[in-house]
Amino acid sequence: MKNHGKKMLAPIIITIVFLVYLAIYGVAVVLATELEPVMILFAIPLIALGIGIIYVLVARIKEIRSGEEDDLSNY
């Protein structure tokens, strides 16, 4: 179980860093544009990307917990 924690640490840290980057980028876009429709057009892909990253993180954590840490060894 202790080994699983170490393997889960890197994906969690990378996800947090990337989500912070997306949030900062989103705030910069909102502050740089004056038109609300333009803000919505830029916000939708950022939100979708954030949700996708969280989905991949959850899937990776499930893989690690189930013992499928090294998928490449199956091929």
# chains A, B, ... in the order shown; residues from 1 in each chain; ligands from 1

call {"tool": "residues_around", "arguments": {"residues": "range 27-29 of chain A", "least_positions_apart": "3", "cutoff": "9 Å", "atoms": "only C-alpha atoms", "output": "PyMOL selection string"}}
result
chain A and resi 22-24+32-33+39+42-43

call {"tool": "write_last_selection", "arguments": {"atoms": "C-alpha atoms", "output": "compact mmCIF listing (two decimals), in the first residue's frame"}}
result
# COMPACT_ATOMS: atom_id res chain seq x y z
CA LEU A 22 -5.23 26.42 -16.81
CA ALA A 23 -6.80 28.57 -14.10
CA ILE A 24 -4.14 31.27 -14.49
CA ALA A 32 -7.63 40.58 -21.50
CA THR A 33 -10.97 40.47 -23.34
CA MET A 39 -14.69 34.84 -22.95
CA PHE A 42 -12.22 30.58 -24.63
CA ALA A 43 -13.56 29.23 -21.34

call {"tool": "residues_around", "arguments": {"residues": "Leu9 in chain A", "least_positions_apart": "5", "cutoff": "12 Å", "atoms": "only C-alpha atoms", "output": "count of residues only"}}
result
10

call {"tool": "closest_residue", "arguments": {"among": "A:Tyr55, A:Arg65, A:Glu36, A:Leu19", "to": "Gly5 in chain A", "atoms": "only C-alpha atoms"}}
result
A:Arg65

call {"tool": "atom_distance", "arguments": {"atom1": "CA of Ile44 in chain A", "atom2": "CA of Val56 in chain A"}}
result
18.4 Å

call {"tool": "select_by_dssp", "arguments": {"residues": "chain A", "states": "alpha helix (DSSP H)", "output": "JSON, numbers by chain"}}
result
{"A": [2, 3, 4, 5, 6, 7, 8, 9, 10, 11, 12, 13, 14, 15, 16, 17, 18, 19, 20, 21, 22, 23, 24, 25, 26, 27, 28, 29, 30, 31, 32, 36, 37, 38, 39, 40, 41, 42, 43, 44, 45, 46, 47, 48, 49, 50, 51, 52, 53, 54, 55, 56, 57, 58, 59, 60, 61, 62, 63, 64, 65, 66]}

call {"tool": "atom_distance", "arguments": {"atom1": "CA of Gly50 in chain A", "atom2": "CA of Tyr21 in chain A"}}
result
10.2 Å

call {"tool": "closest_residue", "arguments": {"among": "A:Leu31, A:Gly67, A:Val38, A:Phe18", "to": "Ile51 in chain A", "atoms": "only C-alpha atoms"}}
result
A:Phe18
